[in-house]
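Structure, as structure tokens:
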Amino acid sequence: MIELLELNKNFDDIKAVNHVSLSILDSEVFGLVGTNGAGKSTLLRIISGVVKPDNGVVCVDNRPVYDNPDVKKDIFFISDDQYFLPNSTPEEMADYFEGVYEGFDKLKFFKLCSGFGLDTKRRISSFSKGMKKQVAILLGICSGTKYLLCDETFDGLDPVVRQAVKSIMAGEMADRGLTPVIASHNLRELEDICDHIGLLHQGGVILSEDLGDMKLKMQKVQCVFANDEDADKVLNGMEVLIHETRGRLHTITMRGEREDVERAFKMGNPVFFEVLPLSLEEIFISETEVVGYDIKKFILQ
């Protein structure tokens with residue numbers, strides 16, 4: 001388990017991380033969402049022990065991470081700006097990481113490189129941006145660490161490779177309890193893989209919730225009422241987060257269990273209604289507007 005308590009990190013006048021407290025549970029995919037400059041990369045570097053926080057505590061399995069080599073053996077950090085040894089090949093990078101991480105699986109690395117069409121004897125400097133990212137991801141997966149910290153991991157990968165990487169991560173989670181922490185500016189990219197989502201803005205955490213719980217406790221309804229009185233009857237006493245109308249069509253996002261919402265609408269005898277699935281983006285828009293933020297201004301589509 002990774003625990004962050006009141007972390008702060010400033011770079012001159014810039015508050016990169018501002019009073020961040022989070023708990024990242026084992027064997028779950030934690031998605032860290034925010035625009036460029038929100039503090040995602042700095043936070044991952046603090047968790048990995050690369051950067052020392054100005055204040056606060058980071059513990060990995062109840063052990064402080066900074067300046068602690070024993071803890072760092074359990075963490076692999078994949079930076080958005082990958083670094084490889086000068087003029088190295090994937091094979092040489094595998095040799096290097098085999099000496100750093102006791103659990104590095106070189107045979108698996110070669111097998112995965114072959115599956116991705118990566119020549120392990122070719123110099124990485126000649127690879128495309130997407131190929132370099134693939135090498136970094138495969139090195140991280142094969143390191144055998146308990147925690148894999150990924151900064152914009154899927155950015156620049158084509159859809160087929162993205163799905164392949166997600167499938168490999170899911171397999172590692174099932175086989176050995178891998179815990180991926182994935183930072184991204186794209187909500188849609190994380191929706192089909194994350195168990196828990198944390199939203200960063202200007203270095204602080206706006207929300208941190210279980211994705212399944214968020215989807216269960218929030219409903220989106222499209223409906224048509226016979227008159228305004230019927231609409232008031234249905235919505236009175238319900239916790240409405242967003243209510244939009246286009247002509248007679250109402251689109252309403254509200255808190256509540258699906259069964260309770262359906263029961264309330266049926267009692268109001270609407271001309272038409274249906275409960276629609278909510279995307280992760282819609283959930284966050286609703287949640288952040290409640291706490292006073294207009295997420296549409298700072299979350300990239």
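For the structure tokens, the naming scheme is as follows: chains receive sequential letters (A, B, ...) according to their order of presentation, residues are indexed from 1 within each chain, and ligands are indexed from 1 in presentation order.
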
So which bits of region 138-234 of chain A end up strand (DSSP E or B) when you DSSP the backbone, as a PyMOL selection string? chain A and resi 147-151+179-184+196-201+204-210+218-224

At a cut-off of 8 Å, using only C-alpha atoms, what residues contact Asn62 (chain A)? Leave out same-chain residues fewer than 2 positions from it and give the result as a PyMOL selection string. chain A and resi 1-3+59-60+64

Take the residues that were just selected and, keeping N, CA and C atoms, output them as a PDB file, in the first residue's frame.
ATOM      1  N   MET A   1       0.842  -1.198   0.000  1.00  0.00           N
ATOM      2  CA  MET A   1       0.000   0.000   0.000  1.00  0.00           C
ATOM      3  C   MET A   1       0.880   1.252   0.000  1.00  0.00           C
ATOM      4  N   ILE A   2       0.501   2.209  -0.816  1.00  0.00           N
ATOM      5  CA  ILE A   2       1.216   3.484  -0.866  1.00  0.00           C
ATOM      6  C   ILE A   2       0.384   4.530  -0.140  1.00  0.00           C
ATOM      7  N   GLU A   3       1.003   5.213   0.805  1.00  0.00           N
ATOM      8  CA  GLU A   3       0.295   6.223   1.589  1.00  0.00           C
ATOM      9  C   GLU A   3       1.018   7.562   1.481  1.00  0.00           C
ATOM     10  N   CYS A  59       4.969   6.707   2.325  1.00  0.00           N
ATOM     11  CA  CYS A  59       5.319   5.375   2.807  1.00  0.00           C
ATOM     12  C   CYS A  59       4.838   4.322   1.814  1.00  0.00           C
ATOM     13  N   VAL A  60       5.691   3.373   1.536  1.00  0.00           N
ATOM     14  CA  VAL A  60       5.334   2.229   0.701  1.00  0.00           C
ATOM     15  C   VAL A  60       5.418   0.993   1.586  1.00  0.00           C
ATOM     16  N   PRO A  64       9.283   4.418   4.736  1.00  0.00           N
ATOM     17  CA  PRO A  64       9.547   5.669   4.009  1.00  0.00           C
ATOM     18  C   PRO A  64      10.338   5.369   2.741  1.00  0.00           C
TER      19      PRO A  64
END

I want to know what sits within 7 Å of Gly156 (chain A), based on only C-alpha atoms, with residues of the same chain fewer than 2 positions away left out; could you give that as a list in words?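 The residues satisfying every condition are Gly130, Phe154 and Asp158 of chain A.
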
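Omitting region 257-264 of chain A and its sequence neighbours fewer than 6 positions away, and counting only C-alpha atoms, the residues within 10 Å are Lys215, Leu216, Lys217, Met218, Gln219, Lys220, Val221, Lys233, Val234, Leu235, Asn236, Met238, Phe273, Glu274 and Val275 of chain A.
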
For those residues, write N, CA and C atoms to a file as a PDB file, in the first residue's frame.
ATOM      1  N   LYS A 215     -19.905   5.084  -9.933  1.00  0.00           N
ATOM      2  CA  LYS A 215     -20.891   4.744 -10.958  1.00  0.00           C
ATOM      3  C   LYS A 215     -22.185   4.225 -10.343  1.00  0.00           C
ATOM      4  N   LEU A 216     -22.079   3.526  -9.209  1.00  0.00           N
ATOM      5  CA  LEU A 216     -23.269   2.979  -8.575  1.00  0.00           C
ATOM      6  C   LEU A 216     -24.131   4.047  -7.919  1.00  0.00           C
ATOM      7  N   LYS A 217     -23.500   5.086  -7.411  1.00  0.00           N
ATOM      8  CA  LYS A 217     -24.252   6.063  -6.617  1.00  0.00           C
ATOM      9  C   LYS A 217     -24.687   7.282  -7.422  1.00  0.00           C
ATOM     10  N   MET A 218     -24.452   7.263  -8.740  1.00  0.00           N
ATOM     11  CA  MET A 218     -24.830   8.392  -9.572  1.00  0.00           C
ATOM     12  C   MET A 218     -25.536   7.894 -10.827  1.00  0.00           C
ATOM     13  N   GLN A 219     -26.623   8.563 -11.201  1.00  0.00           N
ATOM     14  CA  GLN A 219     -27.418   8.147 -12.350  1.00  0.00           C
ATOM     15  C   GLN A 219     -27.643   9.317 -13.294  1.00  0.00           C
ATOM     16  N   LYS A 220     -27.748   8.989 -14.592  1.00  0.00           N
ATOM     17  CA  LYS A 220     -28.078   9.975 -15.612  1.00  0.00           C
ATOM     18  C   LYS A 220     -29.392   9.563 -16.272  1.00  0.00           C
ATOM     19  N   VAL A 221     -30.346  10.474 -16.292  1.00  0.00           N
ATOM     20  CA  VAL A 221     -31.684  10.162 -16.818  1.00  0.00           C
ATOM     21  C   VAL A 221     -32.049  11.148 -17.921  1.00  0.00           C
ATOM     22  N   LYS A 233     -42.674  17.175  -9.115  1.00  0.00           N
ATOM     23  CA  LYS A 233     -43.069  16.063  -8.256  1.00  0.00           C
ATOM     24  C   LYS A 233     -41.987  14.998  -8.199  1.00  0.00           C
ATOM     25  N   VAL A 234     -41.394  14.694  -9.352  1.00  0.00           N
ATOM     26  CA  VAL A 234     -40.359  13.658  -9.406  1.00  0.00           C
ATOM     27  C   VAL A 234     -39.059  14.139  -8.761  1.00  0.00           C
ATOM     28  N   LEU A 235     -38.663  15.367  -9.048  1.00  0.00           N
ATOM     29  CA  LEU A 235     -37.342  15.844  -8.648  1.00  0.00           C
ATOM     30  C   LEU A 235     -37.301  16.390  -7.229  1.00  0.00           C
ATOM     31  N   ASN A 236     -38.453  16.671  -6.654  1.00  0.00           N
ATOM     32  CA  ASN A 236     -38.500  17.192  -5.294  1.00  0.00           C
ATOM     33  C   ASN A 236     -37.908  16.181  -4.312  1.00  0.00           C
ATOM     34  N   MET A 238     -34.887  14.928  -4.454  1.00  0.00           N
ATOM     35  CA  MET A 238     -33.766  14.191  -5.032  1.00  0.00           C
ATOM     36  C   MET A 238     -32.546  15.100  -5.114  1.00  0.00           C
ATOM     37  N   PHE A 273     -38.883   8.044 -20.142  1.00  0.00           N
ATOM     38  CA  PHE A 273     -37.636   8.202 -19.390  1.00  0.00           C
ATOM     39  C   PHE A 273     -36.766   6.965 -19.575  1.00  0.00           C
ATOM     40  N   GLU A 274     -35.454   7.170 -19.494  1.00  0.00           N
ATOM     41  CA  GLU A 274     -34.510   6.052 -19.519  1.00  0.00           C
ATOM     42  C   GLU A 274     -33.269   6.437 -18.725  1.00  0.00           C
ATOM     43  N   VAL A 275     -32.697   5.441 -18.056  1.00  0.00           N
ATOM     44  CA  VAL A 275     -31.469   5.638 -17.290  1.00  0.00           C
ATOM     45  C   VAL A 275     -30.297   5.273 -18.196  1.00  0.00           C
TER      46      VAL A 275
END

Name the residues of region 166-272 of chain A that fall into helix (DSSP H, G or I) according to DSSP on the backbone, using the chain letters and numbers of this document, as a PyMOL selection string. chain A and resi 166-176+187-190+211-216+228-235+258-267

Could you name the residues that touch Gly177 (chain A) at 8 Å or less, counting only C-alpha atoms, but leaving out those on the same chain fewer than 5 positions away, as JSON, numbers by chain? {"A": [26, 27, 146, 172]}

Write out as a PyMOL selection string each polymer residue whose atoms come within 6 Å of region 8-13 of chain A, counting only C-alpha atoms; drop sequence neighbours fewer than 4 positions from it. chain A and resi 17-19+53-55

Let me see the file: selected residues, N, CA and C atoms, as an mmCIF file, in the first residue's frame.
data_model
loop_
_atom_site.group_PDB
_atom_site.id
_atom_site.type_symbol
_atom_site.label_atom_id
_atom_site.label_comp_id
_atom_site.auth_asym_id
_atom_site.auth_seq_id
_atom_site.Cartn_x
_atom_site.Cartn_y
_atom_site.Cartn_z
ATOM 1 N N VAL A 17 3.071 20.428 -5.894
ATOM 2 C CA VAL A 17 2.240 19.510 -5.102
ATOM 3 C C VAL A 17 1.809 20.261 -3.856
ATOM 4 N N ASN A 18 0.504 20.288 -3.610
ATOM 5 C CA ASN A 18 -0.039 21.153 -2.574
ATOM 6 C C ASN A 18 -0.945 20.368 -1.618
ATOM 7 N N HIS A 19 -0.399 19.979 -0.475
ATOM 8 C CA HIS A 19 -1.158 19.293 0.576
ATOM 9 C C HIS A 19 -1.893 18.055 0.040
ATOM 10 N N PRO A 53 10.059 15.487 -1.082
ATOM 11 C CA PRO A 53 9.049 16.516 -0.811
ATOM 12 C C PRO A 53 9.569 17.555 0.169
ATOM 13 N N ASP A 54 9.044 18.770 0.074
ATOM 14 C CA ASP A 54 9.411 19.801 1.047
ATOM 15 C C ASP A 54 8.834 19.470 2.419
ATOM 16 N N ASN A 55 7.608 18.936 2.400
ATOM 17 C CA ASN A 55 6.941 18.528 3.644
ATOM 18 C C ASN A 55 6.098 17.294 3.338
#

Please identify all polymer residues within 12 Å of Asp232 (chain A), counting only C-alpha atoms, omitting same-chain residues fewer than 3 positions from it, and present them as an NGL selection string. :A and (225-229 or 235-238 or 240 or 264-265 or 268-270)

From A:Asp195, A:Glu239, A:Glu98, A:Glu92, residue lying nearest Asp210 (chain A) [only C-alpha atoms]: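 Of A:Asp195, A:Glu239, A:Glu98, A:Glu92, the one nearest Asp210 (chain A), counting only C-alpha atoms, is A:Asp195.
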